[in-house]
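File shown: work-v3.txt (compact mmCIF, C-alpha atoms (C1' of nucleotides)).
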# COMPACT_ATOMS: atom_id res chain seq x y z
CA MET A 1 33.43 2.82 -53.92
CA PRO A 2 32.92 5.00 -50.91
CA GLU A 3 31.64 8.53 -50.69
CA LEU A 4 31.11 10.35 -47.42
CA PRO A 5 28.19 8.22 -46.13
CA GLU A 6 30.06 4.99 -46.82
CA VAL A 7 33.26 6.23 -45.16
CA GLU A 8 31.32 7.49 -42.15
CA THR A 9 29.40 4.20 -41.96
CA SER A 10 32.73 2.35 -41.97
CA ARG A 11 34.05 4.64 -39.25
CA ARG A 12 31.05 4.03 -37.01
CA GLY A 13 31.23 0.31 -37.65
CA ILE A 14 34.84 -0.12 -36.56
CA ALA A 15 35.07 2.59 -33.88
CA PRO A 16 33.75 0.48 -30.97
CA SER A 17 36.39 -2.20 -31.61
CA VAL A 18 39.27 0.24 -32.13
CA ALA A 19 38.74 3.14 -29.74
CA GLU A 20 41.07 3.16 -26.73
CA GLN A 21 42.84 0.03 -27.93
CA ARG A 22 46.60 -0.34 -27.95
CA VAL A 23 48.26 -1.41 -31.21
CA ALA A 24 50.06 -4.71 -30.63
CA ARG A 25 51.47 -5.01 -34.16
CA VAL A 26 51.00 -3.86 -37.74
CA VAL A 27 51.24 -6.27 -40.67
CA VAL A 28 51.73 -4.72 -44.12
CA ARG A 29 51.59 -7.26 -46.95
CA GLU A 30 51.44 -4.79 -49.83
CA ARG A 31 52.97 -1.33 -49.69
CA ARG A 32 52.15 -0.32 -53.27
CA LEU A 33 48.92 1.62 -52.76
CA ARG A 34 48.05 5.04 -54.21
CA TRP A 35 51.12 6.19 -52.34
CA PRO A 36 53.57 3.73 -50.84
CA VAL A 37 52.75 2.78 -47.26
CA PRO A 38 55.63 4.45 -45.40
CA ASP A 39 58.28 2.16 -43.93
CA GLU A 40 57.89 3.93 -40.60
CA ILE A 41 54.19 3.08 -40.17
CA GLU A 42 54.82 -0.13 -38.18
CA ARG A 43 57.30 1.58 -35.88
CA LYS A 44 55.13 4.66 -35.37
CA LEU A 45 51.87 2.81 -34.69
CA THR A 46 53.03 -0.16 -32.65
CA GLY A 47 52.56 0.36 -28.92
CA GLN A 48 50.35 3.41 -29.44
CA ARG A 49 46.87 3.75 -28.02
CA VAL A 50 44.22 4.87 -30.52
CA THR A 51 42.55 7.76 -28.74
CA ALA A 52 39.98 8.58 -31.43
CA ILE A 53 38.83 7.56 -34.91
CA GLU A 54 37.78 10.65 -36.81
CA ARG A 55 36.86 11.46 -40.38
CA ARG A 56 37.91 14.39 -42.55
CA ALA A 57 36.45 14.33 -46.08
CA LYS A 58 36.83 10.68 -47.14
CA TYR A 59 39.91 10.13 -44.97
CA LEU A 60 39.74 8.18 -41.72
CA LEU A 61 42.07 9.48 -39.02
CA PHE A 62 43.38 7.13 -36.34
CA LYS A 63 44.66 9.47 -33.66
CA THR A 64 47.36 8.46 -31.21
CA PRO A 65 49.53 10.45 -28.80
CA ALA A 66 52.45 10.09 -31.23
CA GLY A 67 50.62 11.18 -34.39
CA THR A 68 47.84 10.19 -36.77
CA ALA A 69 47.42 7.37 -39.27
CA LEU A 70 45.51 8.55 -42.38
CA LEU A 71 43.54 5.94 -44.28
CA HIS A 72 41.65 6.44 -47.56
CA LEU A 73 39.50 3.70 -49.09
CA GLY A 74 39.95 4.88 -52.68
CA MET A 75 37.45 3.27 -55.06
CA SER A 76 37.49 -0.29 -53.78
CA GLY A 77 38.75 -0.22 -50.20
CA SER A 78 36.95 -1.74 -47.23
CA LEU A 79 37.60 -2.35 -43.53
CA ARG A 80 36.62 -5.25 -41.34
CA ILE A 81 37.17 -6.27 -37.74
CA ILE A 82 38.52 -9.80 -37.70
CA ASP A 83 40.30 -12.40 -35.62
CA PRO A 84 44.00 -11.87 -36.37
CA ASP A 85 44.53 -15.55 -37.13
CA GLU A 86 42.01 -15.43 -39.98
CA PRO A 87 44.09 -16.15 -43.09
CA PRO A 88 44.40 -13.10 -45.36
CA ALA A 89 42.68 -13.22 -48.73
CA LYS A 90 44.01 -11.68 -51.92
CA HIS A 91 44.10 -7.86 -51.65
CA ASP A 92 44.04 -7.89 -47.82
CA HIS A 93 46.94 -5.45 -47.67
CA VAL A 94 47.17 -4.33 -44.04
CA ASP A 95 46.22 -5.63 -40.57
CA ILE A 96 46.37 -3.47 -37.47
CA VAL A 97 46.28 -5.88 -34.54
CA PHE A 98 45.07 -4.61 -31.19
CA SER A 99 45.76 -5.72 -27.64
CA ASN A 100 42.12 -6.82 -27.20
CA GLY A 101 42.78 -9.68 -29.61
CA LYS A 102 40.94 -8.16 -32.55
CA ALA A 103 42.41 -6.74 -35.75
CA LEU A 104 41.41 -4.15 -38.32
CA ARG A 105 41.90 -5.55 -41.83
CA PHE A 106 42.21 -3.23 -44.86
CA ARG A 107 41.31 -4.74 -48.21
CA ASP A 108 41.65 -2.77 -51.46
CA PRO A 109 41.68 -4.67 -54.79
CA ARG A 110 42.33 -1.65 -56.99
CA ARG A 111 44.93 -0.12 -54.64
CA PHE A 112 43.65 3.43 -55.09
CA GLY A 113 43.48 3.82 -51.33
CA CYS A 114 46.31 4.81 -49.02
CA LEU A 115 47.67 4.48 -45.50
CA LEU A 116 49.94 7.30 -44.40
CA TRP A 117 51.40 8.71 -41.21
CA ALA A 118 51.30 12.31 -39.98
CA ASP A 119 53.42 13.54 -37.10
CA GLY A 120 51.89 16.42 -35.18
CA ASP A 121 48.84 18.18 -36.60
CA ALA A 122 47.22 15.91 -39.17
CA MET A 123 45.18 18.79 -40.62
CA ALA A 124 48.46 20.35 -41.78
CA HIS A 125 49.14 17.31 -43.95
CA PRO A 126 49.40 18.18 -47.67
CA LEU A 127 46.42 15.95 -48.52
CA LEU A 128 44.18 17.56 -45.91
CA CYS A 129 45.21 21.18 -45.68
CA LYS A 130 43.57 22.37 -48.90
CA LEU A 131 40.22 20.64 -48.47
CA GLY A 132 36.96 22.57 -48.50
CA PRO A 133 34.34 22.48 -45.75
CA GLU A 134 32.47 19.40 -44.56
CA PRO A 135 29.01 19.35 -46.18
CA LEU A 136 27.38 18.41 -42.86
CA GLY A 137 29.25 21.14 -40.97
CA VAL A 138 27.95 24.55 -39.98
CA THR A 139 30.10 26.62 -42.38
CA PHE A 140 28.72 24.98 -45.51
CA ASP A 141 25.73 26.69 -47.09
CA GLY A 142 24.36 28.04 -50.36
CA ASP A 143 25.84 31.50 -49.92
CA TYR A 144 29.30 29.93 -49.59
CA LEU A 145 28.77 27.86 -52.75
CA TRP A 146 27.51 30.88 -54.67
CA GLU A 147 30.49 32.97 -53.64
CA ARG A 148 32.97 30.26 -54.65
CA ALA A 149 31.19 29.77 -58.00
CA ARG A 150 31.67 33.35 -59.15
CA GLY A 151 33.49 33.44 -62.47
CA ARG A 152 33.62 29.67 -62.79
CA SER A 153 32.48 28.11 -66.05
CA VAL A 154 32.89 24.50 -64.94
CA ALA A 155 29.74 22.38 -64.83
CA ILE A 156 27.96 22.48 -61.49
CA LYS A 157 28.32 18.72 -61.06
CA GLN A 158 32.10 18.84 -61.36
CA PHE A 159 32.09 21.93 -59.15
CA ILE A 160 30.41 20.15 -56.23
CA MET A 161 32.63 17.09 -56.73
CA ASN A 162 35.73 19.27 -56.31
CA ALA A 163 37.10 18.60 -52.82
CA ALA A 164 38.60 22.09 -52.66
CA ILE A 165 35.02 23.45 -52.82
CA VAL A 166 33.23 20.91 -50.62
CA VAL A 167 34.35 17.43 -49.56
CA GLY A 168 32.60 14.09 -49.53
CA VAL A 169 30.36 14.50 -52.59
CA GLY A 170 31.17 11.79 -55.13
CA ASN A 171 29.59 10.62 -58.34
CA ILE A 172 26.43 9.09 -56.86
CA TYR A 173 25.44 11.85 -54.47
CA ALA A 174 26.35 14.65 -56.88
CA SER A 175 23.76 13.33 -59.33
CA GLU A 176 21.23 12.76 -56.55
CA ALA A 177 21.67 16.21 -54.97
CA LEU A 178 21.34 17.98 -58.34
CA PHE A 179 18.13 16.07 -59.03
CA GLU A 180 16.74 17.03 -55.64
CA ALA A 181 17.65 20.68 -56.24
CA GLY A 182 16.21 20.63 -59.79
CA ILE A 183 19.49 21.77 -61.36
CA HIS A 184 20.84 20.37 -64.64
CA PRO A 185 24.29 18.84 -63.99
CA GLY A 186 25.80 20.55 -67.05
CA ARG A 187 24.83 24.07 -66.04
CA GLN A 188 27.82 26.36 -65.49
CA ALA A 189 28.50 26.88 -61.79
CA GLN A 190 28.44 30.68 -62.19
CA ARG A 191 24.98 30.45 -63.79
CA VAL A 192 23.30 28.96 -60.72
CA SER A 193 21.42 31.68 -58.82
CA LYS A 194 21.96 32.28 -55.13
CA ILE A 195 18.47 30.99 -54.36
CA ARG A 196 19.13 27.75 -56.22
CA MET A 197 22.59 27.39 -54.61
CA ARG A 198 20.82 27.45 -51.25
CA GLN A 199 18.54 24.69 -52.50
CA LEU A 200 21.57 22.78 -53.72
CA ALA A 201 23.45 23.06 -50.42
CA ALA A 202 20.33 21.88 -48.60
CA ALA A 203 19.93 19.00 -51.06
CA ILE A 204 23.55 17.88 -50.63
CA ARG A 205 23.12 17.88 -46.88
CA ALA A 206 19.78 16.07 -47.03
CA VAL A 207 20.93 13.38 -49.48
CA LEU A 208 24.08 12.63 -47.48
CA GLU A 209 22.15 12.46 -44.22
CA ARG A 210 19.54 10.12 -45.68
CA ALA A 211 22.24 7.88 -47.15
CA LEU A 212 24.03 7.84 -43.80
CA ALA A 213 20.81 6.84 -42.04
CA ALA A 214 20.49 3.93 -44.50
CA GLY A 215 24.08 2.80 -43.90
CA GLY A 216 25.34 4.04 -47.28
CA THR A 217 24.82 2.81 -50.84
CA THR A 218 25.85 -0.68 -51.92
CA LEU A 219 26.05 -0.91 -55.72
CA ARG A 220 28.24 -4.00 -55.90
CA ASP A 221 30.41 -4.71 -52.92
CA PHE A 222 30.33 -1.97 -50.29
CA ARG A 223 30.11 -3.28 -46.73
CA GLY A 224 30.11 -1.24 -43.55
CA GLY A 225 32.50 -1.97 -40.70
CA ASP A 226 29.94 -4.44 -39.34
CA GLY A 227 29.85 -6.35 -42.65
CA GLU A 228 26.36 -5.12 -43.56
CA PRO A 229 25.58 -3.60 -46.97
CA GLY A 230 24.07 -0.11 -47.27
CA TYR A 231 20.43 0.19 -48.16
CA PHE A 232 20.32 3.64 -49.81
CA ARG A 233 20.32 2.17 -53.31
CA GLN A 234 16.55 1.70 -53.12
CA GLN A 235 16.18 5.45 -52.56
CA LEU A 236 18.30 6.59 -55.51
CA ASN A 237 16.28 8.82 -57.82
CA VAL A 238 18.54 9.00 -60.87
CA TYR A 239 21.94 7.35 -60.34
CA ASP A 240 22.24 4.11 -62.33
CA ARG A 241 18.60 4.49 -63.48
CA GLN A 242 19.13 5.30 -67.17
CA ASP A 243 15.87 4.91 -69.17
CA GLU A 244 13.90 4.11 -66.04
CA PRO A 245 10.99 6.45 -65.23
CA CYS A 246 11.69 9.58 -63.22
CA ARG A 247 10.03 9.10 -59.85
CA VAL A 248 8.55 12.61 -60.12
CA CYS A 249 7.49 13.09 -63.77
CA ALA A 250 7.83 9.53 -65.19
CA LYS A 251 9.95 10.64 -68.15
CA PRO A 252 12.96 8.36 -68.75
CA VAL A 253 16.10 9.23 -66.81
CA SER A 254 18.93 10.49 -69.05
CA ALA A 255 22.60 9.60 -68.84
CA SER A 256 25.69 11.31 -70.24
CA VAL A 257 29.40 11.54 -69.57
CA GLN A 258 30.89 14.55 -67.82
CA GLY A 259 34.57 14.76 -67.01
CA GLN A 260 34.95 11.02 -67.74
CA ARG A 261 32.23 10.17 -65.19
CA SER A 262 28.69 8.95 -65.81
CA THR A 263 26.01 11.47 -64.95
CA TYR A 264 22.29 10.77 -64.52
CA TYR A 265 19.51 13.36 -64.59
CA CYS A 266 15.95 14.12 -65.62
CA THR A 267 15.70 16.61 -68.50
CA HIS A 268 12.20 17.58 -67.41
CA CYS A 269 12.84 18.11 -63.69
CA GLN A 270 16.35 19.62 -63.96
CA ARG A 271 17.16 22.91 -65.70
C1' DA B 1 43.64 30.74 -61.42
C1' DC B 2 41.00 27.74 -63.95
C1' DA B 3 39.64 23.80 -67.04
C1' DT B 4 40.65 19.45 -69.09
C1' DT B 5 42.83 15.11 -69.56
C1' DG B 6 45.55 11.13 -68.32
C1' DA B 7 47.09 8.16 -64.91
C1' DC B 8 46.93 4.84 -61.27
C1' DC B 9 44.77 -0.64 -60.61
C1' DT B 10 41.74 -5.01 -60.50
C1' DG B 11 37.45 -7.45 -61.17
C1' DG B 12 32.95 -8.16 -62.90
C1' DG B 13 29.54 -8.17 -66.38
C1' DA B 14 28.02 -7.85 -71.25
C1' DG B 15 28.48 -9.38 -75.72
C1' DC B 16 30.26 -12.40 -79.14
C1' DT C 1 33.23 -21.98 -71.69
C1' DG C 2 36.22 -18.44 -72.84
C1' DC C 3 37.77 -14.35 -74.90
C1' DT C 4 37.65 -9.16 -75.38
C1' DC C 5 35.92 -4.88 -74.22
C1' DC C 6 34.03 -1.61 -71.18
C1' DC C 7 32.80 0.11 -66.84
C1' DA C 8 33.29 1.11 -61.81
C1' DG C 9 31.64 4.59 -55.64
C1' DG C 10 38.43 8.71 -56.16
C1' DT C 11 41.56 12.23 -56.88
C1' DC C 12 46.13 13.78 -57.97
C1' DA C 13 49.60 15.50 -61.49
C1' DA C 14 50.50 17.40 -65.78
C1' DT C 15 49.19 20.36 -69.50
C1' DG C 16 47.26 24.31 -71.95
Rewrite the structure from the file as structure tokens, please.
Amino acid sequence: MPELPEVETSRRGIAPSVAEQRVARVVVRERRLRWPVPDEIERKLTGQRVTAIERRAKYLLFKTPAGTALLHLGMSGSLRIIDPDEPPAKHDHVDIVFSNGKALRFRDPRRFGCLLWADGDAMAHPLLCKLGPEPLGVTFDGDYLWERARGRSVAIKQFIMNAAIVVGVGNIYASEALFEAGIHPGRQAQRVSKIRMRQLAAAIRAVLERALAAGGTTLRDFRGGDGEPGYFRQQLNVYDRQDEPCRVCAKPVSASVQGQRSTYYCTHCQR
DNA sequence: ACATTGACCTGGGAGC
DNA sequence: TGCTCCCAGGTCAATG
């Protein structure tokens, strides 16, 4: 479900209720997520004060003096602030109850998400230490992309969805950014010129920022931490618009499958 | 080192 | 109404 704008929207939605709160207790109803929720998570988190809620790639980091809880929403995960006595529904796997009387509830029907614990420096964690730059950060630009693409025959869409190259770009925003940059998603990464890589980096940044401003994209069930859907769907140019007219040239939007994922593009506007 | 594929799960919608 | 099939916003591990 969530790409970078949706994860960041969730972070901003829950942060006011979580920041500076002490963890009163942790309730884990289902440990079988993408990786098992570690047995130590209750012991490590309980009694700790959450000093910051940060985001790295699509991971949310709950920082405490004792270490960091890492949470990933996978494909179907969502977070809500609730009253702790609200009865849990199916797939409500974890509650983190705070001393202010509120709780953070993690729901994830498909169980592709995870909740892990990192002692010490969370950035040294195996899941975080090999990640590429943040697309909204200062080190990410077209020259970087072009350099990394040298000698790589993989399609540009799969290239920008590779978290070792750049994080946070999922299936929706990869299609949207390539449309905005006028690049065909099947083009080999090494065959994109430096000029067009600069356009692509700018497009990735612009699309993510616009989606963030709209509170993310709700296709079926995404909700931000405040329970509101995201409104970026209305601004999508190609994703999920097969056979609908291109908003620029009016030719029908094409769809194909790349690396087992649906891809949408305009054959006239993208080369 | 790189590219490709399978695997992990449940739920919702389309089609019959 | 109910069944089957296909698809879904992620990403890691295994294989060549």
Please, what distance in Å, to one decimal, runs between atom CA of Leu131 of chain A and atom CA of Asn162 of chain A?
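A separation of 9.1 Å between them.
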Could you list, as a PyMOL selection string, the residues of chain B having an atom within 8 Å of chain A when counting all atoms listed in the file?
chain B and resi 2-4+8-10
Å distance separating atom CA of Thr218 of chain A from atom CA of Arg205 of chain A, one decimal place:
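Straight-line distance from atom CA of Thr218 of chain A to atom CA of Arg205 of chain A works out to 19.4 Å.
When only C-alpha atoms are used to measure the gap to Val207 of chain A, the shortest distance among A:Pro135, A:Gly77, A:Ser262, A:Phe140 belongs to A:Pro135.
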Could you state the separation of atom CA of Glu30 of chain A and atom CA of Leu104 of chain A in Å, given to one decimal place?
15.3 Å
Contacts between chain C and segment 143-181 of chain A, please, where a residue of segment 143-181 of chain A counts if it comes within 9 Å (with all atoms listed in the file); show its shortest atom pair and distance in Å to one decimal, rows by chain and ascending number, as a Markdown table.
| residue | atom | partner | partner_atom | distance |
| --- | --- | --- | --- | --- |
| A:Ala163 | CA | C:DT11 | C1' | 8.8 |
| A:Gly170 | CA | C:DG9 | C1' | 7.2 |
| A:Asn171 | CA | C:DG9 | C1' | 6.9 |
| A:Ile172 | CA | C:DG9 | C1' | 7.0 |
